[in-house]
Each structure stands twice: as structure tokens, then as C-alpha cells.
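J.: Just so it is clear, I am handing over my_file-v2.cif, which has mmCIF, C-alpha atoms.
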```cif
data_work
#
loop_
_atom_site.label_atom_id
_atom_site.label_comp_id
_atom_site.auth_asym_id
_atom_site.auth_seq_id
_atom_site.Cartn_x
_atom_site.Cartn_y
_atom_site.Cartn_z
CA MET G 1 6.79 12.91 -39.90
CA THR G 2 5.52 10.15 -37.66
CA GLY G 3 4.53 11.28 -34.20
CA THR G 4 6.06 9.66 -31.14
CA ALA G 5 4.52 8.99 -27.75
CA PRO G 6 5.64 11.33 -24.99
CA ALA G 7 8.41 9.95 -22.82
CA ALA G 8 7.40 8.55 -19.46
CA PRO G 9 8.30 10.81 -16.53
CA ALA G 10 11.63 10.00 -14.96
CA LEU G 11 11.69 8.02 -11.74
CA ARG G 12 13.37 9.87 -8.87
CA LYS G 13 14.30 8.48 -5.46
CA GLY G 14 15.03 10.29 -2.25
CA TYR G 15 15.19 10.28 1.52
CA ALA G 16 13.29 12.54 3.89
CA ASP G 17 14.38 13.22 7.45
CA SER G 18 11.85 12.41 10.16
CA PRO G 19 11.74 11.91 13.94
CA PHE G 20 12.01 8.17 13.24
CA GLY G 21 15.05 8.40 10.97
CA GLN G 22 15.23 8.71 7.21
CA LEU G 23 12.23 7.72 5.11
CA HIS G 24 12.77 6.43 1.60
CA TYR G 25 10.46 7.24 -1.31
CA ALA G 26 10.28 7.14 -5.09
CA GLU G 27 8.35 9.56 -7.27
CA CYS G 28 7.41 10.40 -10.84
CA GLY G 29 5.88 13.46 -12.44
CA ALA G 30 4.77 16.85 -11.16
CA GLY G 31 1.59 18.60 -10.10
CA GLU G 32 -0.97 17.53 -7.53
CA PRO G 33 0.58 14.96 -5.18
CA VAL G 34 -0.72 11.38 -5.08
CA LEU G 35 0.69 9.44 -2.12
CA LEU G 36 0.73 5.66 -2.53
CA PHE G 37 1.17 3.22 0.37
CA HIS G 38 2.12 -0.44 -0.12
CA GLN G 39 1.06 -3.69 1.51
CA THR G 40 3.03 -5.72 4.07
CA PRO G 41 5.92 -6.62 3.76
CA ARG G 42 6.52 -4.76 0.51
CA SER G 43 8.20 -1.51 -0.47
CA TRP G 44 7.66 1.23 -3.04
CA THR G 45 8.49 -1.35 -5.74
CA GLU G 46 4.91 -2.62 -5.50
CA TYR G 47 4.12 0.53 -7.51
CA LEU G 48 7.11 0.29 -9.86
CA ARG G 49 4.95 0.19 -13.00
CA VAL G 50 2.13 2.34 -11.57
CA LEU G 51 4.26 5.38 -10.71
CA PRO G 52 5.12 6.51 -14.26
CA LEU G 53 1.52 6.04 -15.38
CA VAL G 54 0.07 8.15 -12.56
CA GLY G 55 3.08 10.46 -12.84
CA ALA G 56 2.05 11.41 -16.38
CA GLY G 57 -0.50 13.78 -14.83
CA PHE G 58 0.35 13.99 -11.13
CA ARG G 59 3.28 13.98 -8.75
CA ALA G 60 3.08 10.30 -7.82
CA ILE G 61 4.97 9.44 -4.63
CA ALA G 62 5.35 5.94 -3.19
CA MET G 63 7.09 5.76 0.18
CA ASP G 64 8.57 2.79 1.94
CA THR G 65 6.44 2.40 5.05
CA LEU G 66 8.32 2.99 8.29
CA GLY G 67 10.07 -0.28 9.16
CA PHE G 68 10.04 -1.61 5.59
CA GLY G 69 12.05 -1.25 2.40
CA ALA G 70 14.84 1.30 2.75
CA SER G 71 13.04 3.42 5.35
CA ALA G 72 14.20 3.62 8.95
CA LYS G 73 13.48 0.59 11.11
CA PRO G 74 13.12 1.84 14.68
CA GLU G 75 12.54 -0.43 17.63
CA GLY G 76 9.16 -0.67 19.30
CA PRO G 77 5.73 -2.01 18.43
CA HIS G 78 4.44 -1.43 14.94
CA SER G 79 1.06 0.28 14.54
CA ILE G 80 -1.01 1.88 11.83
CA GLU G 81 -0.86 5.10 13.82
CA ARG G 82 2.95 5.12 13.83
CA TYR G 83 3.08 4.31 10.13
CA ALA G 84 0.80 7.31 9.59
CA ASP G 85 3.01 9.47 11.81
CA ALA G 86 5.91 8.71 9.48
CA ALA G 87 3.78 9.40 6.41
CA GLU G 88 2.84 12.76 7.93
CA ALA G 89 6.51 13.52 8.46
CA LEU G 90 7.26 12.70 4.82
CA ALA G 91 4.44 14.94 3.59
CA GLN G 92 5.67 17.78 5.79
CA THR G 93 9.28 17.43 4.63
CA LEU G 94 8.17 17.39 0.99
CA GLY G 95 5.93 20.43 1.56
CA LEU G 96 2.69 18.69 0.62
CA ASP G 97 -0.28 20.73 1.84
CA ARG G 98 -2.98 18.77 0.01
CA TYR G 99 -2.84 15.33 -1.57
CA HIS G 100 -4.70 12.35 -2.98
CA LEU G 101 -4.22 9.17 -0.94
CA VAL G 102 -3.97 5.63 -2.31
CA GLY G 103 -3.36 2.55 -0.18
CA HIS G 104 -3.22 -1.18 -0.87
CA HIS G 105 -3.90 -3.74 1.91
CA THR G 106 -1.95 -2.43 4.96
CA GLY G 107 -1.31 0.76 3.01
CA GLY G 108 -5.06 1.29 2.77
CA LEU G 109 -5.29 1.63 6.54
CA ILE G 110 -2.38 4.08 6.55
CA ALA G 111 -4.17 6.16 3.92
CA LEU G 112 -7.43 5.93 5.86
CA GLU G 113 -5.72 7.05 9.07
CA LEU G 114 -4.22 10.05 7.30
CA ALA G 115 -7.60 10.93 5.80
CA ALA G 116 -9.18 10.74 9.26
CA ARG G 117 -6.51 13.04 10.72
CA HIS G 118 -6.46 15.55 7.87
CA PRO G 119 -9.82 15.80 6.12
CA GLY G 120 -8.99 19.28 4.85
CA ARG G 121 -5.77 18.13 3.22
CA THR G 122 -7.17 14.96 1.66
CA ALA G 123 -8.38 15.66 -1.87
CA SER G 124 -9.50 12.07 -2.44
CA LEU G 125 -9.03 8.60 -0.97
CA LEU G 126 -8.69 5.30 -2.84
CA LEU G 127 -8.65 2.14 -0.72
CA SER G 128 -7.47 -0.97 -2.53
CA ALA G 129 -8.04 -4.39 -0.92
CA THR G 130 -8.22 -2.64 2.44
CA PRO G 131 -9.18 -4.83 5.40
CA TYR G 132 -12.24 -4.01 7.48
CA VAL G 133 -10.99 -4.22 11.06
CA ASP G 134 -13.61 -4.83 13.73
CA GLU G 135 -13.56 -6.53 17.11
CA GLU G 136 -13.90 -9.94 15.51
CA LYS G 137 -10.81 -9.39 13.39
CA ARG G 138 -8.87 -8.01 16.35
CA ARG G 139 -9.68 -11.14 18.36
CA GLY G 140 -8.82 -13.51 15.53
CA GLY G 141 -5.37 -14.86 14.88
CA GLY G 142 -3.40 -13.84 11.86
CA HIS G 143 -2.24 -15.98 8.98
CA ALA G 144 1.45 -16.82 8.64
CA VAL G 145 1.73 -16.13 4.92
CA ASP G 146 4.97 -14.13 5.23
CA HIS G 147 6.54 -15.95 8.18
CA VAL G 148 9.53 -18.20 7.55
CA VAL G 149 12.23 -19.61 9.79
CA PRO G 150 15.75 -18.93 8.46
CA HIS G 151 17.76 -22.09 7.73
CA PRO G 152 21.51 -22.39 7.12
CA ASP G 153 20.88 -24.06 3.76
CA GLY G 154 18.81 -21.10 2.52
CA SER G 155 15.67 -23.18 2.06
CA HIS G 156 13.66 -20.36 3.64
CA LEU G 157 14.11 -18.45 0.37
CA LEU G 158 12.07 -21.11 -1.39
CA ASP G 159 9.58 -21.03 1.48
CA LEU G 160 9.03 -17.31 0.90
CA TRP G 161 8.60 -17.87 -2.83
CA ASN G 162 6.11 -20.68 -2.32
CA HIS G 163 4.08 -18.81 0.30
CA ARG G 164 2.93 -16.30 -2.31
CA ARG G 165 3.44 -18.23 -5.52
CA ALA G 166 -0.29 -18.90 -5.87
CA PHE G 167 -1.01 -15.16 -5.88
CA TYR G 168 0.90 -14.66 -9.14
CA ARG G 169 0.24 -15.91 -12.64
CA PRO G 170 2.81 -17.58 -14.90
CA GLY G 171 5.01 -14.89 -16.39
CA GLU G 172 4.83 -12.67 -13.28
CA GLU G 173 7.97 -14.07 -11.68
CA SER G 174 9.73 -10.68 -11.74
CA ALA G 175 7.06 -9.27 -9.43
CA LEU G 176 7.37 -12.32 -7.18
CA ASN G 177 11.13 -11.74 -7.10
CA ARG G 178 10.50 -8.20 -5.83
CA TYR G 179 8.27 -9.58 -3.08
CA VAL G 180 10.99 -12.00 -1.95
CA ILE G 181 13.57 -9.21 -1.89
CA ASP G 182 11.26 -7.00 0.19
CA ALA G 183 10.44 -9.82 2.60
CA LEU G 184 14.12 -10.70 3.07
CA THR G 185 14.86 -7.05 3.87
CA VAL G 186 12.57 -7.30 6.92
CA LEU G 187 12.83 -11.02 7.61
CA ASP G 188 12.91 -10.58 11.40
CA HIS G 189 9.62 -8.66 11.38
CA ALA G 190 8.01 -9.44 8.03
CA THR G 191 4.62 -10.11 9.63
CA GLU G 192 4.53 -7.03 11.89
CA GLY G 193 2.46 -5.05 9.42
CA HIS G 194 -0.22 -7.73 9.53
CA ALA G 195 -0.20 -7.58 13.33
CA ALA G 196 -0.53 -3.77 13.20
CA VAL G 197 -3.61 -4.18 11.01
CA ARG G 198 -5.28 -6.46 13.55
CA ARG G 199 -4.63 -3.98 16.37
CA TYR G 200 -6.09 -0.97 14.57
CA ALA G 201 -9.16 0.63 16.19
CA MET G 202 -10.81 1.30 12.86
CA GLU G 203 -14.33 2.00 14.14
CA GLU G 204 -13.13 5.17 15.87
CA ARG G 205 -11.55 6.53 12.70
CA LEU G 206 -14.16 5.81 10.04
CA PRO G 207 -16.55 8.64 11.06
CA LEU G 208 -13.71 11.15 10.68
CA VAL G 209 -13.14 10.35 6.99
CA THR G 210 -14.93 12.94 4.86
CA ALA G 211 -12.92 12.76 1.63
CA ARG G 212 -14.43 11.46 -1.58
CA THR G 213 -13.63 7.74 -1.25
CA LEU G 214 -13.52 4.73 -3.55
CA ALA G 215 -12.97 1.14 -2.38
CA VAL G 216 -11.68 -1.42 -4.88
CA CYS G 217 -10.53 -5.02 -4.80
CA ALA G 218 -9.28 -7.71 -7.16
CA PRO G 219 -11.79 -10.55 -7.59
CA ASP G 220 -9.30 -13.29 -6.68
CA ASP G 221 -7.98 -11.56 -3.56
CA HIS G 222 -9.77 -13.81 -1.09
CA PHE G 223 -8.01 -12.16 1.85
CA ALA G 224 -9.51 -8.73 1.16
CA LEU G 225 -12.63 -9.36 -0.88
CA PRO G 226 -14.90 -10.08 2.13
CA SER G 227 -14.06 -6.61 3.47
CA LEU G 228 -15.04 -4.70 0.34
CA LYS G 229 -18.78 -4.36 0.95
CA LYS G 230 -18.32 -3.83 4.70
CA LEU G 231 -15.83 -1.04 4.13
CA ALA G 232 -17.95 0.64 1.46
CA ALA G 233 -21.03 0.49 3.70
CA ALA G 234 -19.16 1.92 6.68
CA LEU G 235 -17.81 4.82 4.60
CA ALA G 236 -20.94 5.20 2.44
CA CYS G 237 -18.69 5.09 -0.59
CA GLU G 238 -18.60 3.42 -3.99
CA ALA G 239 -17.12 -0.08 -4.30
CA ARG G 240 -15.69 -1.61 -7.48
CA LEU G 241 -14.15 -4.90 -8.52
CA LEU G 242 -11.04 -4.53 -10.64
CA PRO G 243 -11.04 -6.69 -13.80
CA GLY G 244 -8.80 -9.51 -12.57
CA GLY G 245 -5.83 -10.02 -10.33
CA HIS G 246 -5.03 -11.16 -6.81
CA ALA G 247 -3.32 -9.59 -3.79
CA PRO G 248 -0.52 -8.01 -5.90
CA VAL G 249 -2.96 -6.28 -8.28
CA PRO G 250 -0.90 -3.04 -8.63
CA GLU G 251 1.83 -5.20 -10.17
CA GLN G 252 -0.46 -7.53 -12.11
CA LEU G 253 -2.68 -4.83 -13.64
CA PRO G 254 -0.64 -1.62 -13.43
CA GLU G 255 -2.43 0.06 -16.33
CA GLU G 256 -5.89 -0.61 -14.95
CA PHE G 257 -4.81 0.26 -11.40
CA ALA G 258 -3.21 3.53 -12.51
CA ARG G 259 -6.21 4.40 -14.68
CA THR G 260 -8.51 3.89 -11.67
CA VAL G 261 -6.29 6.11 -9.52
CA VAL G 262 -6.18 8.88 -12.13
CA GLU G 263 -9.91 8.74 -12.86
CA TRP G 264 -10.76 8.94 -9.18
CA ALA G 265 -8.30 11.75 -8.48
CA THR G 266 -9.79 13.80 -11.31
CA ALA G 267 -13.47 12.89 -10.74
CA ASP G 268 -14.32 16.20 -9.11
CA ARG G 269 -12.92 18.33 -11.94
CA GLY G 270 -16.16 18.09 -13.87
#
```
Output the file's structure in the form of C-alpha cells.

T.:
Amino acid sequence: MTGTAPAAPALRKGYADSPFGQLHYAECGAGEPVLLFHQTPRSWTEYLRVLPLVGAGFRAIAMDTLGFGASAKPEGPHSIERYADAAEALAQTLGLDRYHLVGHHTGGLIALELAARHPGRTASLLLSATPYVDEEKRRGGGHAVDHVVPHPDGSHLLDLWNHRRAFYRPGEESALNRYVIDALTVLDHATEGHAAVRRYAMEERLPLVTARTLAVCAPDDHFALPSLKKLAAALACEARLLPGGHAPVPEQLPEEFARTVVEWATADRG
């Protein structure tokens, strides 16, 4: 009889109550929790193909950041700290006492903030394309990559597509479609996550991170690549280049990204 590969773990979706309103998440698998945080202005779908791969050995959970995706969108200024408050609320509602943290771009700062707050609960930390925020970055202006002005003829849809088209390779249009959907969901504040990054007082938080940490980046991600060595030096952690990809590397190289997550989460098992 010919053997068959085990079925991928089923994808489950849910909502968790929080002081901010309901928080949406998707998960696969069981066991040690791995929390994954997405970039701005995305949603859990950035990890659509990563979740079942990590979920083969872990409970892989990707939440929609507060204010994005299907999570609550309260009024008030966005901040990394408030995003982390919501992530804490999700972890508490789901009964997660200890977890591995994974964050990509903006999500990396959310993961870092959680690791700084809860060193005893953080089993490991993986920072993907995470910006290094210092005074120079806080003073600098942000790029308008996700900003469009709505037009009655719908031409802003093409504007969104074209703003990130260069990040994707031919054949990756389905991932680019997901980006456009996510950006349209938060069109009135699509760039707020970028602004929250620039306001983050990172220097105060770095010394509080004690978890085993890995920093990675895609070689073509020119937004994040300059931060890789700075971040690794500040955290005294290992830095790696992933074998290809751009800003949407979890979608472009899901197998390699998931393998890196799993290897790092299990590195201390001997």
C-alpha cells in the first residue's frame, strides 16, 4: 500500500473579546503556541500559507492587529503599545501562558514589545524585516506607499495595486490581491501602522528583551534590510538573510519562512 502524506491541520477562525472590542484571529494545529503578527496594512492572510506549515507541530495563531483586518477599529491614535495591549488581551482570552513570538515589519515591533513586557512568558522571538527605530527615524518623514486618495471612478484601486506591484514577482498576483483587499478594509487609516512605528520608543524596550532572538530579512526588502544589522547588534542576536523575496516574504517563501520559524522555536530542545 502506498503511504500518503499526513493531512494539513485545519484552519480555524475565531474572535476574542477584549477591552477594545472583538479581536479576530486564525489558527492551525495544537501544542506550544506561536503568535504571528503581520505588517501594515495587512491581516492574518499574510500568513495564509505559513499557518498550516507551522501548525503541523505547533498551535500557530495569526491575529488581525487592532485596527486592521476584521479586528475592532477603535478611535484614537495608533501605537505599538496599544497594538501590544490588544495582543496581550488575545493571549489572555485564549489562555496562553507561554508562547513563541513572530513578527513581520510592524508586527515585529508588536512582538518585540510583548517580549519586553513578558520575558518569562516569551519562549523565543523571531523578528522578520523589523525596523530599527531610533531618534533619526522618529524625526524622519514616512513614505506614502499605502496612501491613496479615493476617486469616484475607482482608479484608487489601481493605485493601491501599483504601489506594491514591484514587491511581487510574476505569478504572485493572488498575494497582491490579498494586500489590496486588506488595504481597502482600512483605507481611511491604511498608513497609521507606519506612523505608529515611527513613534515607537524602541531604545527603552530593547534592554528588556531577554528571550532567545533571531532577526531575519529578505535580501530585496530595501525598506527593512538596513535595519537588520542594527537590530541584531542592539539585541546581541543572530541575523540571517532569507534566500530571496521582498517585503511580502511570508507569502513569497512560505515554506522557507515556516521552516525558519519552526527551527528557531525548537532550537532549545537539544

J.: Go through G:Thr185, G:Val149, G:Asp17, G:Leu214 and flag the residue nearest G:Ala239, using only C-alpha atoms for the distances.

T.: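 Between G:Thr185, G:Val149, G:Asp17, G:Leu214, the residue approaching G:Ala239 most closely is G:Leu214.
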
J.: Would you list the residues near (-4.5, 8.2, -13.9) (no more than 10 Å away, in the coordinates of the file, using all atoms listed in the file) as a PyMOL selection string?

T.: chain G and resi 50-58+60+255-266

J.: Could you tell me which of G:Val249, G:Ala129, G:Ala115, G:Ala236 comes closest to G:Glu172 if we count only C-alpha atoms?

T.: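 Nearest to G:Glu172: G:Val249.
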
J.: Using all atoms listed in the file, determine which residues lie at most 8 Å from G:Thr122, disregarding the query and same-chain residues fewer than 5 positions distant; provide the list as JSON, numbers by chain.

T.: {"G": [98, 99, 100, 101, 115, 211]}

J.: Considering all atoms listed in the file, give me a table of residues in stretch 118-207 of chain G that are at most 10 Å from stretch 224-234 of chain G, with the closest atom pair and distance in Å for each, as JSON lines.

T.:
```
{"residue": "G:Leu127", "atom": "CA", "partner": "G:Leu231", "partner_atom": "CA", "distance": 9.2}
{"residue": "G:Ser128", "atom": "CA", "partner": "G:Ala224", "partner_atom": "CA", "distance": 8.8}
{"residue": "G:Ala129", "atom": "CA", "partner": "G:Ala224", "partner_atom": "CA", "distance": 5.0}
{"residue": "G:Thr130", "atom": "CA", "partner": "G:Ala224", "partner_atom": "CA", "distance": 6.4}
{"residue": "G:Pro131", "atom": "CA", "partner": "G:Ser227", "partner_atom": "CA", "distance": 5.5}
{"residue": "G:Tyr132", "atom": "CA", "partner": "G:Ser227", "partner_atom": "CA", "distance": 5.1}
{"residue": "G:Val133", "atom": "CA", "partner": "G:Ser227", "partner_atom": "CA", "distance": 8.5}
{"residue": "G:Glu203", "atom": "CA", "partner": "G:Ala234", "partner_atom": "CA", "distance": 8.9}
{"residue": "G:Leu206", "atom": "CA", "partner": "G:Ala234", "partner_atom": "CA", "distance": 7.2}
{"residue": "G:Pro207", "atom": "CA", "partner": "G:Ala234", "partner_atom": "CA", "distance": 8.4}
```

J.: Pull out every residue that the PyMOL selection byres ((chain G and resi 139) around 12) matches in the shown coordinates and put them as a list in words.

T.: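 Here the PyMOL selection byres ((chain G and resi 139) around 12) matches Val133, Asp134, Glu135, Glu136, Lys137, Arg138, Gly140, Gly141, Gly142, Ala195, Val197, Arg198, Arg199, Tyr200 and Ala201 of chain G.
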
J.: What is the atom CA of G:His246 to atom CA of G:His222 distance in Å?

T.: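 According to the coordinates, atom CA of G:His246 and atom CA of G:His222 are separated by 7.9 Å.
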
J.: As a list in words, please: the residues near G:Tyr47 (cut-off 9 Å, all atoms listed in the file, same-chain neighbours under 2 positions excluded).

T.: Leu36, Phe37, His38, Ser43, Trp44, Thr45, Arg49, Val50, Leu51, Ala62, Pro250, Glu251 and Pro254 of chain G

J.: Of the candidates G:Ala84, G:Val148, G:Thr40, G:Leu176, which shows the shortest atom-to-atom distance to G:His194, using all atoms listed in the file?

T.: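 Smallest separation from G:His194 among the options: G:Thr40.
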
J.: Which is closer to G:Val34 than all the others in G:Leu96, G:Val216, G:Leu187, G:Ala86, using all atoms listed in the file?

T.: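 For G:Val34, the nearest of the candidates is G:Leu96.
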
J.: Taking (-1.0, 10.4, 10.8) as a centre in this file's frame and 7 Å as the limit, can you find every polymer residue with an atom that close, using only C-alpha atoms, and give them as a PDB file with C-alpha atoms, keeping the file's coordinate frame?

T.:
```pdb
ATOM      1  CA  GLU G  81      -0.860   5.100  13.820  1.00  0.00           C
ATOM      2  CA  ALA G  84       0.800   7.310   9.590  1.00  0.00           C
ATOM      3  CA  ASP G  85       3.010   9.470  11.810  1.00  0.00           C
ATOM      4  CA  ALA G  87       3.780   9.400   6.410  1.00  0.00           C
ATOM      5  CA  GLU G  88       2.840  12.760   7.930  1.00  0.00           C
ATOM      6  CA  GLU G 113      -5.720   7.050   9.070  1.00  0.00           C
ATOM      7  CA  LEU G 114      -4.220  10.050   7.300  1.00  0.00           C
ATOM      8  CA  ARG G 117      -6.510  13.040  10.720  1.00  0.00           C
TER       9      ARG G 117
END
```

J.: Using only C-alpha atoms, can you tell me which of G:Val145, G:Ala72, G:Leu241, G:Ile80 comes closest to G:Thr191?

T.: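 Distance minimum relative to G:Thr191 lands on G:Val145.
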
J.: Calculate how many Å separate atom CA of G:Arg240 from atom CA of G:Thr213, rounding to one decimal.

T.: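 It comes out at 11.4 Å.
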
J.: Put a box with edges along x, y and z around all the listed atoms of stretch 136-140 of chain G, pad it by 5 Å on each side, then give me its centre and sizes in Å, one decimal, as AutoDock Vina command-line options.

T.:
```
--center_x -11.4 --center_y -10.8 --center_z 15.9 --size_x 15.1 --size_y 15.5 --size_z 15.0
```

J.: For G:Ala247, which residue out of G:Val180, G:Leu109, G:His104, G:Phe20 is the nearest one, using only C-alpha atoms?

T.: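 Result for the nearest residue to G:Ala247: G:His104.
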
J.: What separation in Å, quoted to one decimal, exists between atom CA of G:Leu94 and atom CA of G:Gly69?

T.: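 For atom CA of G:Leu94 relative to atom CA of G:Gly69, the distance reads 19.1 Å.
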
J.: List the spatial neighbours of G:His147 as an MDAnalysis selection string - criterion: any atom at most 10 Å away, only C-alpha atoms, same-chain residues fewer than 2 positions off excluded.

T.: chainID G and resid 143:145 149:150 156 159:160 163 183 187:192

J.: Output stretch 245-256 of chain G as a PDB file, keeping the file's coordinate frame, making sure all heavy atoms are there.

T.:
```pdb
ATOM      1  N   GLY G 245      -6.919 -10.219 -11.280  1.00  0.00           N
ATOM      2  CA  GLY G 245      -5.830 -10.020 -10.330  1.00  0.00           C
ATOM      3  C   GLY G 245      -6.084 -10.624  -8.970  1.00  0.00           C
ATOM      4  O   GLY G 245      -7.176 -11.090  -8.648  1.00  0.00           O
ATOM      5  N   HIS G 246      -5.031 -10.605  -8.158  1.00  0.00           N
ATOM      6  CA  HIS G 246      -5.030 -11.160  -6.810  1.00  0.00           C
ATOM      7  C   HIS G 246      -4.454 -10.110  -5.874  1.00  0.00           C
ATOM      8  O   HIS G 246      -4.531  -8.915  -6.159  1.00  0.00           O
ATOM      9  CB  HIS G 246      -4.206 -12.466  -6.810  1.00  0.00           C
ATOM     10  CG  HIS G 246      -4.552 -13.433  -5.722  1.00  0.00           C
ATOM     11  ND1 HIS G 246      -4.494 -13.112  -4.380  1.00  0.00           N
ATOM     12  CD2 HIS G 246      -4.965 -14.722  -5.774  1.00  0.00           C
ATOM     13  CE1 HIS G 246      -4.843 -14.154  -3.654  1.00  0.00           C
ATOM     14  NE2 HIS G 246      -5.142 -15.154  -4.467  1.00  0.00           N
ATOM     15  N   ALA G 247      -3.850 -10.527  -4.782  1.00  0.00           N
ATOM     16  CA  ALA G 247      -3.320  -9.590  -3.790  1.00  0.00           C
ATOM     17  C   ALA G 247      -2.298  -8.609  -4.355  1.00  0.00           C
ATOM     18  O   ALA G 247      -2.243  -7.465  -3.903  1.00  0.00           O
ATOM     19  CB  ALA G 247      -2.714 -10.362  -2.611  1.00  0.00           C
ATOM     20  N   PRO G 248      -1.464  -8.983  -5.344  1.00  0.00           N
ATOM     21  CA  PRO G 248      -0.520  -8.010  -5.900  1.00  0.00           C
ATOM     22  C   PRO G 248      -1.057  -7.270  -7.117  1.00  0.00           C
ATOM     23  O   PRO G 248      -0.338  -7.038  -8.091  1.00  0.00           O
ATOM     24  CB  PRO G 248       0.681  -8.889  -6.269  1.00  0.00           C
ATOM     25  CG  PRO G 248       0.073 -10.197  -6.646  1.00  0.00           C
ATOM     26  CD  PRO G 248      -1.171 -10.353  -5.791  1.00  0.00           C
ATOM     27  N   VAL G 249      -2.326  -6.858  -7.080  1.00  0.00           N
ATOM     28  CA  VAL G 249      -2.960  -6.280  -8.280  1.00  0.00           C
ATOM     29  C   VAL G 249      -2.251  -5.035  -8.819  1.00  0.00           C
ATOM     30  O   VAL G 249      -2.244  -4.833 -10.035  1.00  0.00           O
ATOM     31  CB  VAL G 249      -4.464  -6.017  -8.011  1.00  0.00           C
ATOM     32  CG1 VAL G 249      -4.683  -4.892  -7.023  1.00  0.00           C
ATOM     33  CG2 VAL G 249      -5.208  -5.756  -9.313  1.00  0.00           C
ATOM     34  N   PRO G 250      -1.604  -4.166  -8.005  1.00  0.00           N
ATOM     35  CA  PRO G 250      -0.900  -3.040  -8.630  1.00  0.00           C
ATOM     36  C   PRO G 250       0.220  -3.484  -9.570  1.00  0.00           C
ATOM     37  O   PRO G 250       0.561  -2.766 -10.509  1.00  0.00           O
ATOM     38  CB  PRO G 250      -0.330  -2.263  -7.435  1.00  0.00           C
ATOM     39  CG  PRO G 250      -1.232  -2.624  -6.294  1.00  0.00           C
ATOM     40  CD  PRO G 250      -1.588  -4.061  -6.526  1.00  0.00           C
ATOM     41  N   GLU G 251       0.784  -4.671  -9.299  1.00  0.00           N
ATOM     42  CA  GLU G 251       1.830  -5.200 -10.170  1.00  0.00           C
ATOM     43  C   GLU G 251       1.243  -6.007 -11.322  1.00  0.00           C
ATOM     44  O   GLU G 251       1.800  -6.037 -12.425  1.00  0.00           O
ATOM     45  CB  GLU G 251       2.779  -6.088  -9.371  1.00  0.00           C
ATOM     46  CG  GLU G 251       3.556  -5.324  -8.316  1.00  0.00           C
ATOM     47  CD  GLU G 251       4.436  -6.231  -7.486  1.00  0.00           C
ATOM     48  OE1 GLU G 251       3.906  -7.107  -6.784  1.00  0.00           O
ATOM     49  OE2 GLU G 251       5.671  -6.055  -7.555  1.00  0.00           O
ATOM     50  N   GLN G 252       0.134  -6.682 -11.083  1.00  0.00           N
ATOM     51  CA  GLN G 252      -0.460  -7.530 -12.110  1.00  0.00           C
ATOM     52  C   GLN G 252      -1.211  -6.723 -13.166  1.00  0.00           C
ATOM     53  O   GLN G 252      -1.199  -7.075 -14.350  1.00  0.00           O
ATOM     54  CB  GLN G 252      -1.423  -8.524 -11.458  1.00  0.00           C
ATOM     55  CG  GLN G 252      -0.718  -9.545 -10.583  1.00  0.00           C
ATOM     56  CD  GLN G 252      -1.692 -10.458  -9.874  1.00  0.00           C
ATOM     57  OE1 GLN G 252      -2.665  -9.990  -9.277  1.00  0.00           O
ATOM     58  NE2 GLN G 252      -1.438 -11.754  -9.932  1.00  0.00           N
ATOM     59  N   LEU G 253      -1.876  -5.659 -12.738  1.00  0.00           N
ATOM     60  CA  LEU G 253      -2.680  -4.830 -13.640  1.00  0.00           C
ATOM     61  C   LEU G 253      -2.310  -3.361 -13.455  1.00  0.00           C
ATOM     62  O   LEU G 253      -3.143  -2.539 -13.079  1.00  0.00           O
ATOM     63  CB  LEU G 253      -4.170  -5.033 -13.371  1.00  0.00           C
ATOM     64  CG  LEU G 253      -4.724  -6.450 -13.520  1.00  0.00           C
ATOM     65  CD1 LEU G 253      -6.152  -6.520 -12.992  1.00  0.00           C
ATOM     66  CD2 LEU G 253      -4.668  -6.895 -14.977  1.00  0.00           C
ATOM     67  N   PRO G 254      -1.049  -3.009 -13.719  1.00  0.00           N
ATOM     68  CA  PRO G 254      -0.640  -1.620 -13.430  1.00  0.00           C
ATOM     69  C   PRO G 254      -1.393  -0.589 -14.241  1.00  0.00           C
ATOM     70  O   PRO G 254      -1.701   0.499 -13.743  1.00  0.00           O
ATOM     71  CB  PRO G 254       0.856  -1.626 -13.764  1.00  0.00           C
ATOM     72  CG  PRO G 254       1.054  -2.783 -14.685  1.00  0.00           C
ATOM     73  CD  PRO G 254       0.054  -3.813 -14.248  1.00  0.00           C
ATOM     74  N   GLU G 255      -1.709  -0.908 -15.508  1.00  0.00           N
ATOM     75  CA  GLU G 255      -2.430   0.060 -16.330  1.00  0.00           C
ATOM     76  C   GLU G 255      -3.826   0.314 -15.794  1.00  0.00           C
ATOM     77  O   GLU G 255      -4.268   1.465 -15.673  1.00  0.00           O
ATOM     78  CB  GLU G 255      -2.493  -0.421 -17.790  1.00  0.00           C
ATOM     79  CG  GLU G 255      -1.152  -0.469 -18.489  1.00  0.00           C
ATOM     80  CD  GLU G 255      -0.398  -1.769 -18.240  1.00  0.00           C
ATOM     81  OE1 GLU G 255      -0.958  -2.667 -17.548  1.00  0.00           O
ATOM     82  OE2 GLU G 255       0.738  -1.890 -18.723  1.00  0.00           O
ATOM     83  N   GLU G 256      -4.540  -0.761 -15.465  1.00  0.00           N
ATOM     84  CA  GLU G 256      -5.890  -0.610 -14.950  1.00  0.00           C
ATOM     85  C   GLU G 256      -5.872   0.049 -13.568  1.00  0.00           C
ATOM     86  O   GLU G 256      -6.709   0.904 -13.261  1.00  0.00           O
ATOM     87  CB  GLU G 256      -6.583  -1.977 -14.856  1.00  0.00           C
ATOM     88  CG  GLU G 256      -8.006  -1.926 -14.341  1.00  0.00           C
ATOM     89  CD  GLU G 256      -8.919  -1.127 -15.258  1.00  0.00           C
ATOM     90  OE1 GLU G 256      -8.701  -1.128 -16.484  1.00  0.00           O
ATOM     91  OE2 GLU G 256      -9.867  -0.499 -14.747  1.00  0.00           O
TER      92      GLU G 256
END
```
